[in-house]
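What follows is one structure encoded as C-alpha cells, with my remarks underneath.
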Amino acid sequence: MRKFLGPLLRTTASAVALAALPATAAARPVAPPSPDAPRLSFERRHHAVQHGGFVRAANATISCRVPKSAACRAVREGRTAVNGDFDMFYVDVDKDPNTYNSSRAEVRIPAGGRVTYARLYWGGNLRVGEQKPPKDNGRVLIAEPGGKYKELLADTVVGHRVAQGADAYQASADVTKLVRNSGSGLYTVAQVNTAMGRSAAGAWGGWTLVVAYENPAEPLRDLSLWDGFDSLRSPMVIRLRGARVAAGAGGRVGLVAYDGDRGITGDSLTVSTGGKRKPVALRDAADPARDVLNSTISEPGNSPARRVPAFANTLGYDSDVFDFRSALRRDGDQLGFRLVSHRDAAWAGALFVAVDARR
C-alpha cells in the first residue's frame, strides 16, 4: 500500500512570503515529503457511486524555445512533430519573475455540482540538455481562480524512474478543499520540476487536475480514479470488477501520460466489457486509435475548457478524455481498459472513469 501523509497545502501567507524572495531563493531545492520509488503500480485512488462525474483541467509546462520561428509556431498550432526535434524551453504565463514555468487551465464544474474529491498530478523529464535535481519533484505552486500561489507538496510516494534515456517522475496531492472552496475557473500551476534543452529523449512535462463532483440532476455513475507511474512498454490494464454495465450506458474515461509523440503509432487505449467480446479501441477527432498518445489535451464536445497557453501539440504531454458510450454496445460486469505503447517511450500516470451505474 502507498504511504499517505495527508494533504500538505501551505497557507496563502506562506505563498506570499515565498513570492517575495529573490528568484534564486524561490527556486531552491526543497526535500520531497515522501521518498521516491522506481515505479508505482496502478492502484485505485478514489471510488464513489454517485450522481455526477469527473471534470479535469490540464496543461503543459514546456514547449519549443523559439515561438517566432515558423517551425515552432506550426507545431504549436498542431503540426506533427516530436519534442526531440526541438530545443525546448519553459512555458511561463504568470509574469512573476520568481517562477520559471507556469500555465493555466479551466475547471468547469456543472451548475448544481459539488466537488467531492480533487487531485493534482504533475510530472516531467529531469534529464534533457540539463539535469534537474529530483529534490524538487514533490513540490509545486498552485493558485485558484483569482488567488495567489500556495506551496503544494506531494502527499504520497513519488514515482521516479531513470530509463529509456529519460529521468522521469510523477507526483500528486489531494486538493479537494481548495477546489471545493474555489469552484470553477482558471487554475495556475507553477514550478513543475522539468528540464529544458534538447536530447534524443526530449523534454516534456505537464499537470492535470482531476475533479469528482456530485450533482443530483445527473445520472447515477460509478466513479473511479487510478494512479501509478511506470513505462508503457508493458500494457497497463485496469478493471472495474463488480461494476455491472448496461448495454448503451454512457461513460467517459480520462488518461494522463507522458512523452507520447505525435506521428509515432503503436499506442492505444481499448475498452472491453468482459467475456469473449472483442475490445474496442477508443478514438476521436484529436486522437487516432493507433496514436492515442499524440501530445494532446482533449475532451469531448465543441467547447473545450480554456487553457493558457492552448497549444494543439503539447510536445510530449497527454491529458485526454474519451466518450466511450459507443463501445458499450452490450452489457457486462468486467469493464476493463488497456493502455499500451509499443513504439513510443511513454509513461502512464493516471486513469479515471465515469460510467452509468446499473441499478
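Residue numbering restarts at 1 for every chain of the C-alpha cells, chains are lettered A, B, ... in their displayed order, and ligands are numbered from 1 as they appear.
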
Margin query: Need the shell around stretch 276-282 of chain A: protein/DNA/RNA residues with any atom at most 12 Å away, counting only C-alpha atoms. Skip same-chain ones fewer than 5 positions apart. Format as number ranges by chain?
Written below: A: 251-255, 266-271, 287-293, 320-332, 334-340

Quick one: residues within 6 Å of stretch 60-68 of chain A, only C-alpha atoms, excluding same-chain residues fewer than 5 positions away - as a PDB file with N, CA and C atoms, in the first residue's frame?
```pdb
ATOM      1  N   ARG A  73       6.003  27.727 -34.418  1.00  0.00           N
ATOM      2  CA  ARG A  73       4.632  28.212 -34.496  1.00  0.00           C
ATOM      3  C   ARG A  73       3.711  27.153 -35.096  1.00  0.00           C
ATOM      4  N   PHE A  86      13.268  19.557 -31.144  1.00  0.00           N
ATOM      5  CA  PHE A  86      13.359  20.964 -30.771  1.00  0.00           C
ATOM      6  C   PHE A  86      14.213  21.192 -29.534  1.00  0.00           C
ATOM      7  N   ASP A  87      14.791  22.392 -29.485  1.00  0.00           N
ATOM      8  CA  ASP A  87      15.340  22.913 -28.241  1.00  0.00           C
ATOM      9  C   ASP A  87      14.137  23.428 -27.461  1.00  0.00           C
ATOM     10  N   MET A  88      13.929  22.899 -26.271  1.00  0.00           N
ATOM     11  CA  MET A  88      12.701  23.161 -25.516  1.00  0.00           C
ATOM     12  C   MET A  88      12.956  24.137 -24.370  1.00  0.00           C
ATOM     13  N   PHE A  89      11.928  24.954 -24.110  1.00  0.00           N
ATOM     14  CA  PHE A  89      12.039  25.958 -23.050  1.00  0.00           C
ATOM     15  C   PHE A  89      10.695  26.057 -22.326  1.00  0.00           C
ATOM     16  N   TYR A  90      10.726  26.674 -21.134  1.00  0.00           N
ATOM     17  CA  TYR A  90       9.557  26.668 -20.260  1.00  0.00           C
ATOM     18  C   TYR A  90       8.418  27.545 -20.778  1.00  0.00           C
ATOM     19  N   VAL A  91       7.197  27.090 -20.541  1.00  0.00           N
ATOM     20  CA  VAL A  91       6.006  27.917 -20.656  1.00  0.00           C
ATOM     21  C   VAL A  91       5.885  28.710 -19.357  1.00  0.00           C
ATOM     22  N   GLY A 205       6.690  17.734 -19.970  1.00  0.00           N
ATOM     23  CA  GLY A 205       6.158  17.894 -18.626  1.00  0.00           C
ATOM     24  C   GLY A 205       4.790  18.540 -18.662  1.00  0.00           C
ATOM     25  N   GLY A 206       4.038  18.377 -17.565  1.00  0.00           N
ATOM     26  CA  GLY A 206       2.718  18.970 -17.506  1.00  0.00           C
ATOM     27  C   GLY A 206       2.007  18.628 -16.210  1.00  0.00           C
TER      28      GLY A 206
END
```

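Omitting stretch 164-172 of chain A and its sequence neighbours fewer than 5 positions away, and counting only C-alpha atoms, the residues within 7 Å are Arg119, Leu120, Tyr121, Trp122, Gly123, Gly124, Asn125, Leu126, Arg127, Asn137, Gly138, Ala154, Asp155, Val158, Gly159, Ala201, Phe229, Ala345 and Gly349 of chain A.
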
Check: Which one of A:Gln131, A:Asp85, A:Ala286, A:Gly274 sits closest to A:Ala71 if you count only C-alpha atoms?
Finding: A:Asp85

Margin query: So, with only C-alpha atoms as the atoms that count, which of A:Pro219, A:Pro145, A:Gly113, A:Pro97 lies closest to A:Val49?
Written below: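 The answer is A:Pro219, which sits nearest to A:Val49.
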
Margin query: If we count only C-alpha atoms and set the cut-off at 7 Å, which residues sit around A:Val256, ignoring sequence neighbours fewer than 6 positions away in its own chain? Please answer as a PyMOL selection string.
Written below: chain A and resi 318-320+348-351

Could you save those same residues with N, CA and C atoms as a PDB file, in the first residue's frame?
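Produced file again36.pdb, reproduced below:
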```pdb
ATOM      1  N   ASP A 318       0.166  14.242 -22.562  1.00  0.00           N
ATOM      2  CA  ASP A 318      -1.203  13.869 -22.907  1.00  0.00           C
ATOM      3  C   ASP A 318      -2.091  13.896 -21.678  1.00  0.00           C
ATOM      4  N   SER A 319      -3.233  14.564 -21.815  1.00  0.00           N
ATOM      5  CA  SER A 319      -4.286  14.521 -20.813  1.00  0.00           C
ATOM      6  C   SER A 319      -5.595  14.537 -21.596  1.00  0.00           C
ATOM      7  N   ASP A 320      -6.118  13.357 -21.877  1.00  0.00           N
ATOM      8  CA  ASP A 320      -7.238  13.203 -22.806  1.00  0.00           C
ATOM      9  C   ASP A 320      -8.438  12.562 -22.131  1.00  0.00           C
ATOM     10  N   ALA A 348       2.809   6.137 -18.048  1.00  0.00           N
ATOM     11  CA  ALA A 348       1.428   6.304 -17.603  1.00  0.00           C
ATOM     12  C   ALA A 348       1.399   6.911 -16.210  1.00  0.00           C
ATOM     13  N   GLY A 349       0.435   7.838 -15.980  1.00  0.00           N
ATOM     14  CA  GLY A 349       0.344   8.490 -14.683  1.00  0.00           C
ATOM     15  C   GLY A 349      -0.984   8.338 -13.975  1.00  0.00           C
ATOM     16  N   ALA A 350      -2.102   8.406 -14.714  1.00  0.00           N
ATOM     17  CA  ALA A 350      -3.410   8.305 -14.072  1.00  0.00           C
ATOM     18  C   ALA A 350      -4.461   7.922 -15.102  1.00  0.00           C
ATOM     19  N   LEU A 351      -5.545   7.318 -14.614  1.00  0.00           N
ATOM     20  CA  LEU A 351      -6.689   6.977 -15.450  1.00  0.00           C
ATOM     21  C   LEU A 351      -7.944   7.112 -14.591  1.00  0.00           C
TER      22      LEU A 351
END
```

Next item on the list: Determine which residues of stretch 56-246 of chain A DSSP labels as helix (DSSP H, G or I) from the backbone of this structure, then write them out as number ranges by chain.
Entry: A: 70-76, 83-85, 134-136, 176-182

Notebook entry, point to check: atom CA of A:Asn83 and atom CA of A:Asn101, how far apart in Å?
Noted result: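 Result for atom CA of A:Asn101 versus atom CA of A:Asn83: 17.2 Å, one decimal.
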
Note to self: Here is a test: counting only C-alpha atoms, which residue of A:Ala354, A:Ala346, A:Ile238, A:Ile109 is nearest to A:His47?
What the structure shows: A:Ala354

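Shell of A:Leu315 at 8 Å, with only C-alpha atoms counted and residues fewer than 6 places along the chain excluded, is Ser63, Ala81, Val82, Asn83, Trp204, Asp259, Gly260, Asp261, Arg262 and Ser295 of chain A.
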
Margin query: I need the residues in stretch 50-185 of chain A that are strand (DSSP E) according to DSSP; give them as a PyMOL selection string.
Written below: chain A and resi 50-60+62-64+88-90+102-107+114-125+139-143+150-153+158-163+166-174+185

Notebook entry, point to check: Could you name the residues that touch A:Ala105 at 6 Å or less, counting only C-alpha atoms, but leaving out those on the same chain fewer than 2 positions away, as a ChimeraX atom specification?
Noted result: /A:57-58,186-187,306-307

Checklist line | Top pick for closest residue to A:Ser224, considering A:Ile142, A:Val353, A:Ala310, A:Cys72 and counting only C-alpha atoms | finding: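 Comparing A:Ile142, A:Val353, A:Ala310, A:Cys72 against A:Ser224, the winner is A:Val353.
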
Checklist line | Proximity to A:Arg108 - best of A:Arg139, A:Lys150, A:Arg56, A:His342, only C-alpha atoms | finding: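 Using only C-alpha atoms, the shortest distance to A:Arg108 belongs to A:Arg56.
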
Check: Leaving out A:Asp356 and any residue of its chain fewer than 4 positions from it, which residues lie within 8 Å of it when counting only C-alpha atoms, given as a list of chain:residue names?
Finding: A:Pro219, A:Leu220, A:Arg221, A:Asp222, A:Val245, A:Ala246, A:Ala249, A:Gly250, A:Gly251

Check: Between A:Val175, A:Leu153, A:Ala212, A:Ala257, which has the minimum distance to A:Ser231 (counting only C-alpha atoms)?
Finding: A:Ala257

Margin query: Quick check, in Å to one decimal: how far apart do atom CA of A:Pro133 and atom CA of A:Gly197 lie?
Written below: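 Separation between atom CA of A:Pro133 and atom CA of A:Gly197: 15.0 Å.
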